[in-house]
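The file my_file.cif contains mmCIF, C-alpha atoms:
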data_run
loop_
_atom_site.label_atom_id
_atom_site.label_comp_id
_atom_site.auth_asym_id
_atom_site.auth_seq_id
_atom_site.Cartn_x
_atom_site.Cartn_y
_atom_site.Cartn_z
CA MET D 184 1.20 -1.25 58.17
CA THR D 185 4.44 0.62 58.64
CA PHE D 186 4.94 3.66 56.53
CA THR D 187 8.04 3.20 54.41
CA PRO D 188 8.84 4.55 50.95
CA ASP D 189 8.11 1.12 49.46
CA THR D 190 4.56 0.95 50.76
CA PHE D 191 4.10 4.55 49.68
CA TYR D 192 5.11 3.70 46.10
CA ALA D 193 2.87 0.64 46.11
CA LEU D 194 -0.01 2.80 47.28
CA ILE D 195 0.58 5.32 44.51
CA ALA D 196 0.72 2.48 41.96
CA ALA D 197 -2.53 1.02 43.30
CA VAL D 198 -4.29 4.40 43.11
CA LEU D 199 -3.02 4.87 39.54
CA PHE D 200 -4.26 1.40 38.64
CA ALA D 201 -7.70 2.13 40.06
CA GLY D 202 -7.74 5.39 38.11
CA PHE D 203 -6.87 3.62 34.85
CA VAL D 204 -9.58 1.01 35.45
CA ALA D 205 -12.12 3.75 36.15
CA VAL D 206 -11.11 5.72 33.04
CA THR D 207 -11.33 2.58 30.89
CA LEU D 208 -14.77 1.55 32.07
CA LEU D 209 -16.28 5.04 32.27
CA GLY D 210 -14.91 5.91 28.84
CA ALA D 211 -16.41 2.72 27.44
CA ILE D 212 -19.79 3.57 28.98
CA VAL D 213 -19.66 7.08 27.49
CA ALA D 214 -18.67 5.54 24.16
CA VAL D 215 -21.84 3.47 23.97
CA ALA D 216 -24.36 5.44 26.02
CA ALA D 217 -23.92 9.08 24.96
CA ARG D 218 -26.46 10.42 22.50
CA SER D 219 -24.20 12.32 20.13
CA LEU D 220 -21.63 10.51 18.01
CA VAL D 221 -18.89 13.04 18.79
CA ARG D 222 -19.20 12.20 22.48
CA ASN D 223 -19.13 8.50 21.62
CA VAL D 224 -15.81 8.88 19.83
CA THR D 225 -14.39 10.98 22.67
CA GLY D 226 -15.42 8.31 25.14
CA LEU D 227 -13.74 5.69 22.97
CA ALA D 228 -10.49 7.69 22.99
CA LEU D 229 -10.70 8.05 26.77
CA SER D 230 -11.30 4.33 27.19
CA PHE D 231 -8.29 3.49 25.02
CA LEU D 232 -6.10 5.84 27.04
CA GLY D 233 -7.09 3.97 30.19
CA LEU D 234 -6.46 0.68 28.44
CA ALA D 235 -2.97 1.86 27.52
CA GLY D 236 -2.36 2.46 31.23
CA LEU D 237 -3.49 -1.08 31.98
CA TYR D 238 -1.04 -2.38 29.35
CA TYR D 239 1.69 -0.47 31.14
CA PHE D 240 0.77 -2.26 34.35
CA LEU D 241 1.10 -5.54 32.41
CA HIS D 242 4.79 -4.69 31.82
CA SER D 243 4.51 -3.86 28.14
CA PRO D 244 5.19 -0.16 27.62
CA PHE D 245 5.60 -0.68 23.87
CA LEU D 246 2.03 -1.93 23.55
CA ALA D 247 0.81 0.98 25.68
CA LEU D 248 2.47 3.46 23.33
CA MET D 249 1.15 1.64 20.26
CA GLN D 250 -2.33 1.68 21.77
CA ILE D 251 -2.18 5.46 22.16
CA LEU D 252 -0.53 5.99 18.78
CA ILE D 253 -2.80 3.77 16.70
CA TYR D 254 -6.13 3.77 18.51
CA VAL D 255 -6.28 7.27 19.99
CA GLY D 256 -4.11 8.95 17.39
CA ALA D 257 -5.27 7.23 14.24
CA ILE D 258 -8.54 5.33 14.57
CA CYS D 259 -10.44 7.83 16.72
CA VAL D 260 -9.24 10.74 14.61
CA THR D 261 -10.24 8.89 11.43
CA ILE D 262 -13.71 8.17 12.79
CA MET D 263 -14.08 11.84 13.77
CA PHE D 264 -12.84 12.89 10.32
CA ALA D 265 -15.30 10.59 8.53
CA MET D 266 -18.12 11.90 10.71
CA MET D 267 -17.33 15.48 9.74
CA LEU D 268 -16.94 14.55 6.07
CA ALA D 269 -20.28 12.78 5.86
CA GLU D 270 -22.26 14.79 8.44
CA LEU D 271 -23.19 11.63 10.24
CA HIS D 272 -25.59 11.98 13.12
CA GLU D 273 -28.06 9.75 14.86
CA GLU D 274 -31.72 10.21 14.15
CA THR D 275 -33.82 10.94 17.22
CA ARG D 276 -36.36 8.32 18.05
CA SER D 277 -39.45 8.23 20.23
CA TRP D 278 -38.69 7.82 23.93
CA PHE D 279 -40.55 4.52 24.02
CA MET D 280 -38.33 2.94 21.36
CA THR D 281 -35.22 4.38 23.02
CA ILE D 282 -36.09 2.84 26.36
CA LEU D 283 -37.13 -0.45 24.76
CA THR D 284 -33.84 -0.82 22.81
CA GLY D 285 -31.81 0.30 25.82
CA VAL D 286 -33.40 -2.27 28.13
CA GLY D 287 -33.19 -5.02 25.52
CA SER D 288 -29.53 -4.33 24.82
CA PHE D 289 -28.78 -4.16 28.55
CA VAL D 290 -30.38 -7.56 29.13
CA ALA D 291 -28.43 -9.04 26.21
CA ALA D 292 -25.17 -7.53 27.49
CA CYS D 293 -25.84 -8.92 30.99
CA ALA D 294 -26.45 -12.32 29.42
CA PHE D 295 -22.87 -12.11 28.15
CA ALA D 296 -21.27 -10.38 31.14
CA ILE D 297 -22.65 -12.38 34.06
CA PRO D 298 -21.62 -15.86 32.80
CA LEU D 299 -18.19 -14.49 31.83
CA ILE D 300 -17.59 -12.95 35.26
CA LEU D 301 -18.85 -16.08 37.02
CA LEU D 302 -16.52 -18.13 34.82
CA VAL D 303 -13.57 -15.92 35.77
CA ARG D 304 -14.39 -16.17 39.48
CA ARG D 305 -15.01 -19.90 39.56
CA SER D 306 -12.33 -21.28 37.30
CA SER D 307 -8.86 -22.16 38.47
CA TRP D 308 -6.33 -21.38 35.77
CA MET D 309 -3.21 -23.38 35.26
CA PRO D 310 -0.42 -22.36 37.62
CA ALA D 311 1.97 -19.63 36.62
CA PRO D 312 5.15 -20.89 34.98
CA ALA D 313 8.14 -21.28 37.24
CA ALA D 314 10.33 -19.06 35.09
CA GLN D 315 9.68 -16.97 32.03
CA VAL D 316 12.08 -17.32 29.14
CA ASN D 317 12.50 -13.57 28.75
CA ILE D 318 11.27 -10.41 30.41
CA GLY D 319 9.08 -9.28 27.53
CA SER D 320 11.09 -6.19 26.65
CA ILE D 321 10.87 -4.31 23.35
CA GLU D 322 14.03 -6.06 22.22
CA ASP D 323 12.52 -9.51 22.79
CA LEU D 324 9.32 -8.43 21.07
CA GLY D 325 11.18 -7.19 18.01
CA ARG D 326 13.24 -10.34 17.77
CA ALA D 327 10.12 -12.53 18.06
CA LEU D 328 8.25 -10.48 15.45
CA LEU D 329 11.02 -10.91 12.91
CA THR D 330 11.73 -14.59 13.57
CA ARG D 331 8.92 -16.67 15.02
CA TYR D 332 6.04 -14.43 13.96
CA GLY D 333 7.71 -13.28 10.76
CA PHE D 334 5.12 -14.78 8.43
CA ALA D 335 2.16 -13.31 10.32
CA PHE D 336 3.97 -9.98 10.44
CA GLU D 337 4.36 -9.92 6.66
CA LEU D 338 0.75 -11.01 6.17
CA ILE D 339 -0.44 -8.12 8.37
CA SER D 340 1.49 -5.69 6.21
CA VAL D 341 -0.16 -7.12 3.08
CA VAL D 342 -3.58 -6.80 4.78
CA LEU D 343 -2.88 -3.17 5.66
CA LEU D 344 -1.77 -2.39 2.10
CA LEU D 345 -4.90 -4.00 0.68
CA ALA D 346 -7.03 -2.12 3.22
CA ILE D 347 -5.54 1.21 2.13
CA LEU D 348 -6.11 0.42 -1.55
CA GLY D 349 -9.60 -0.92 -0.87
CA ALA D 350 -10.56 2.10 1.19
CA LEU D 351 -9.39 4.42 -1.56
CA ALA D 352 -11.22 2.45 -4.24
CA VAL D 353 -14.50 2.22 -2.27
CA ALA D 354 -14.55 5.84 -1.14
CA ARG D 355 -13.68 7.17 -4.61
CA SER D 356 -16.27 5.23 -6.59
CA GLY D 357 -19.51 7.08 -7.27
CA ARG D 358 -17.92 10.43 -6.75
CA LYS D 359 -19.10 12.91 -9.32
CA PRO D 360 -16.65 15.41 -10.75
CA ASN D 361 -18.63 18.56 -9.88
CA SER D 362 -20.61 17.87 -6.76
CA MET X 884 -6.39 -9.78 48.07
CA ASN X 885 -6.22 -6.19 49.14
CA PHE X 886 -6.27 -2.92 47.30
CA ILE X 887 -2.48 -2.67 46.97
CA HIS X 888 -2.06 -5.94 45.08
CA LEU X 889 -5.04 -5.53 42.80
CA SER X 890 -2.84 -4.82 39.77
CA GLU X 891 -0.96 -8.10 40.18
CA GLN X 892 -3.91 -10.42 39.77
CA LEU X 893 -5.06 -12.16 36.64
CA ASN X 894 -8.74 -12.16 37.59
CA VAL X 895 -8.92 -8.37 37.84
CA TYR X 896 -7.77 -7.96 34.24
CA LEU X 897 -10.06 -10.74 33.02
CA MET X 898 -13.05 -9.04 34.65
CA ILE X 899 -12.19 -5.69 33.10
CA GLY X 900 -11.93 -7.46 29.74
CA ALA X 901 -15.31 -9.15 30.27
CA LEU X 902 -16.91 -5.82 31.21
CA LEU X 903 -15.44 -4.10 28.13
CA PHE X 904 -16.77 -6.93 25.98
CA ALA X 905 -20.24 -6.65 27.52
CA ILE X 906 -20.30 -2.86 27.12
CA GLY X 907 -19.33 -3.36 23.48
CA ILE X 908 -22.18 -5.85 22.97
CA PHE X 909 -24.58 -3.38 24.61
CA GLY X 910 -23.50 -0.59 22.27
CA PHE X 911 -23.59 -2.86 19.23
CA LEU X 912 -27.24 -3.69 19.87
CA LYS X 913 -28.29 -0.22 21.00
CA HIS X 914 -26.85 1.88 18.20
CA ARG X 915 -28.58 2.09 14.88
CA THR X 916 -25.90 3.90 12.93
CA LEU X 917 -22.88 2.29 11.34
CA VAL X 918 -20.45 4.56 13.21
CA GLY X 919 -21.93 3.60 16.57
CA MET X 920 -21.62 -0.06 15.69
CA LEU X 921 -18.00 0.43 14.58
CA ILE X 922 -17.16 2.10 17.92
CA SER X 923 -18.76 -0.77 19.84
CA GLY X 924 -16.86 -3.27 17.72
CA GLU X 925 -13.60 -1.57 18.67
CA LEU X 926 -14.56 -1.93 22.35
CA ILE X 927 -15.18 -5.65 21.88
CA LEU X 928 -11.74 -6.03 20.27
CA ALA X 929 -10.19 -4.06 23.15
CA GLY X 930 -11.72 -6.45 25.68
CA ALA X 931 -10.31 -9.42 23.77
CA SER X 932 -6.82 -7.90 23.56
CA LEU X 933 -6.79 -7.15 27.28
CA ASN X 934 -7.50 -10.84 27.91
CA PHE X 935 -4.62 -11.89 25.65
CA MET X 936 -2.27 -9.44 27.37
CA ALA X 937 -3.28 -10.62 30.84
CA PHE X 938 -2.84 -14.31 30.04
CA GLY X 939 0.41 -13.62 28.26
CA HIS X 940 1.80 -11.72 31.21
CA PHE X 941 0.64 -13.97 34.05
CA ARG X 942 0.37 -17.47 32.62
CA ALA X 943 2.65 -17.88 29.60
CA ALA X 944 6.21 -19.06 29.75
CA ASP X 945 7.00 -16.60 26.97
CA PRO X 946 5.43 -13.18 27.71
CA ILE X 947 6.01 -12.11 24.09
CA THR X 948 3.13 -14.30 22.88
CA GLY X 949 0.40 -12.10 24.31
CA GLN X 950 2.07 -8.89 23.20
CA ALA X 951 2.56 -10.11 19.63
CA PHE X 952 -1.04 -11.27 19.42
CA THR X 953 -2.32 -7.93 20.70
CA LEU X 954 -0.13 -6.12 18.19
CA PHE X 955 -1.68 -8.18 15.40
CA ILE X 956 -5.18 -7.41 16.74
CA ILE X 957 -4.34 -3.69 16.65
CA GLY X 958 -3.17 -4.02 13.04
CA ILE X 959 -6.31 -5.88 11.95
CA ALA X 960 -8.52 -3.37 13.79
CA ALA X 961 -6.83 -0.48 11.98
CA ALA X 962 -7.44 -2.13 8.60
CA GLU X 963 -11.03 -2.89 9.57
CA ALA X 964 -11.70 0.69 10.66
CA ALA X 965 -10.28 2.10 7.42
CA ILE X 966 -12.44 -0.18 5.26
CA ALA X 967 -15.57 0.35 7.38
CA LEU X 968 -15.25 4.13 7.30
CA SER X 969 -14.74 4.21 3.54
CA ILE X 970 -17.82 2.01 3.10
CA MET X 971 -19.73 4.39 5.38
CA ILE X 972 -18.75 7.38 3.28
CA ALA X 973 -19.75 5.55 0.08
CA VAL X 974 -23.09 4.54 1.65
CA TYR X 975 -23.71 8.09 2.83
CA ARG X 976 -23.05 9.40 -0.65
CA ASN X 977 -25.71 7.12 -2.11
CA TYR X 978 -28.35 7.14 0.61
CA ARG X 979 -27.71 10.42 2.51
CA SER X 980 -28.01 8.40 5.71
CA ILE X 981 -26.12 5.82 7.74
CA GLU X 982 -29.08 4.51 9.71
CA THR X 983 -29.07 0.75 9.32
CA ARG X 984 -32.84 0.89 8.86
CA ASP X 985 -32.54 2.86 5.65
CA LEU X 986 -30.03 0.51 4.03
CA LYS X 987 -32.42 -2.17 2.94
CA GLU X 988 -32.53 -2.05 -0.83
CA MET X 989 -30.16 -4.11 -2.91
CA GLU X 990 -29.39 -3.96 -6.56
CA GLY X 991 -28.95 -6.96 -8.75
#
Output the file's structure in the form of structure tokens.
Amino acid sequence: MTFTPDTFYALIAAVLFAGFVAVTLLGAIVAVAARSLVRNVTGLALSFLGLAGLYYFLHSPFLALMQILIYVGAICVTIMFAMMLAELHEETRSWFMTILTGVGSFVAACAFAIPLILLVRRSSWMPAPAAQVNIGSIEDLGRALLTRYGFAFELISVVLLLAILGALAVARSGRKPNS
Amino acid sequence: MNFIHLSEQLNVYLMIGALLFAIGIFGFLKHRTLVGMLISGELILAGASLNFMAFGHFRAADPITGQAFTLFIIGIAAAEAAIALSIMIAVYRNYRSIETRDLKEMEG
């Protein structure tokens, strides 16, 4: 392999990609395997950061930014906030039950993962299209959201409004004035 | 299929999505608190969105399809997290616990 700037850039991109994959998977493992809930949420944020990097490699920088903004910036912070508000923590269990649940969950997860990975390896997907109708830029995305996906877009905004109102109503009910 | 071109292959993304999904299932079964289950649910959704993004980028004539679908998934997940967390706070206020084991009495 000759050493030209192009191969150098490709190498840097490949190393970055491997780093994003590692961050995504390791963060996900921390998010489910760590004992304390604060570490779980931190692992989730790390995993979503890696996922945003993967979205960037899929040529959609807008989605990568939205992933960071909404998941890392809003959802993880909200989970952390709710945990501090309600002093949520996991109860410690006997080591026997911990190991038993861990092994059982691992077996169940493998029962999902192994067939899925075999399916991915074995199947031959339909060939890639000869030409794509656009390059998937932010401009194209905005135009599609306001024309073809306009109805779904409006419905999502109604869902979000109802979720805000519902969250307020549920969290307020049962709250005593002086407690 | 060498290391340099790993980021240009559909199967790599699909496997990462499958692994995220499986890790989410693992966490969903392992955790006994509502917050742990919510976190695992978010991981499952992330695996699904990565699949949509990968297929949209590599196999769709219109690459916007995958991006729009993932954007909708993000919106739904945000609504779901807000509702789930408010329910958790309400449950904690009544039971002083969010262990799923303790939430077994119903009224009515």
- Message: Show me, as a ChimeraX atom specification, the residues of chain X whose atoms get within 7 Å of chain D, using only C-alpha atoms for the distance check.
- Response: /X:886-887,890,894,897-898,901-903,905-906,908-910,912-913,916,923,937,940-947,950,958,961-962,964-966,968-970,972-973,975,981
Could you turn the residues from that selection into a file that holds C-alpha atoms, as a short mmCIF file (atom, residue, chain, number, x, y, z; two decimals), in the coordinates of the input?
data_model
loop_
_atom_site.label_atom_id
_atom_site.label_comp_id
_atom_site.auth_asym_id
_atom_site.auth_seq_id
_atom_site.Cartn_x
_atom_site.Cartn_y
_atom_site.Cartn_z
CA PHE X 886 -6.27 -2.92 47.30
CA ILE X 887 -2.48 -2.67 46.97
CA SER X 890 -2.84 -4.82 39.77
CA ASN X 894 -8.74 -12.16 37.59
CA LEU X 897 -10.06 -10.74 33.02
CA MET X 898 -13.05 -9.04 34.65
CA ALA X 901 -15.31 -9.15 30.27
CA LEU X 902 -16.91 -5.82 31.21
CA LEU X 903 -15.44 -4.10 28.13
CA ALA X 905 -20.24 -6.65 27.52
CA ILE X 906 -20.30 -2.86 27.12
CA ILE X 908 -22.18 -5.85 22.97
CA PHE X 909 -24.58 -3.38 24.61
CA GLY X 910 -23.50 -0.59 22.27
CA LEU X 912 -27.24 -3.69 19.87
CA LYS X 913 -28.29 -0.22 21.00
CA THR X 916 -25.90 3.90 12.93
CA SER X 923 -18.76 -0.77 19.84
CA ALA X 937 -3.28 -10.62 30.84
CA HIS X 940 1.80 -11.72 31.21
CA PHE X 941 0.64 -13.97 34.05
CA ARG X 942 0.37 -17.47 32.62
CA ALA X 943 2.65 -17.88 29.60
CA ALA X 944 6.21 -19.06 29.75
CA ASP X 945 7.00 -16.60 26.97
CA PRO X 946 5.43 -13.18 27.71
CA ILE X 947 6.01 -12.11 24.09
CA GLN X 950 2.07 -8.89 23.20
CA GLY X 958 -3.17 -4.02 13.04
CA ALA X 961 -6.83 -0.48 11.98
CA ALA X 962 -7.44 -2.13 8.60
CA ALA X 964 -11.70 0.69 10.66
CA ALA X 965 -10.28 2.10 7.42
CA ILE X 966 -12.44 -0.18 5.26
CA LEU X 968 -15.25 4.13 7.30
CA SER X 969 -14.74 4.21 3.54
CA ILE X 970 -17.82 2.01 3.10
CA ILE X 972 -18.75 7.38 3.28
CA ALA X 973 -19.75 5.55 0.08
CA TYR X 975 -23.71 8.09 2.83
CA ILE X 981 -26.12 5.82 7.74
#
- Query: Hey, can you check how far CA of Phe279 in chain D sits from CA of Ala217 in chain D?
  - Reply: 17.3 Å
- Item | d(CA of Leu893 in chain X, CA of Phe938 in chain X) in Å | 7.3 Å
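CA of Ala967 in chain X is found 13.6 Å from CA of Thr983 in chain X.
Minimum atom-to-atom distance to Leu232 in chain D, evaluated using all atoms listed in the file, belongs to D:Phe203 out of D:Arg305, D:Leu209, D:Glu337, D:Phe203.
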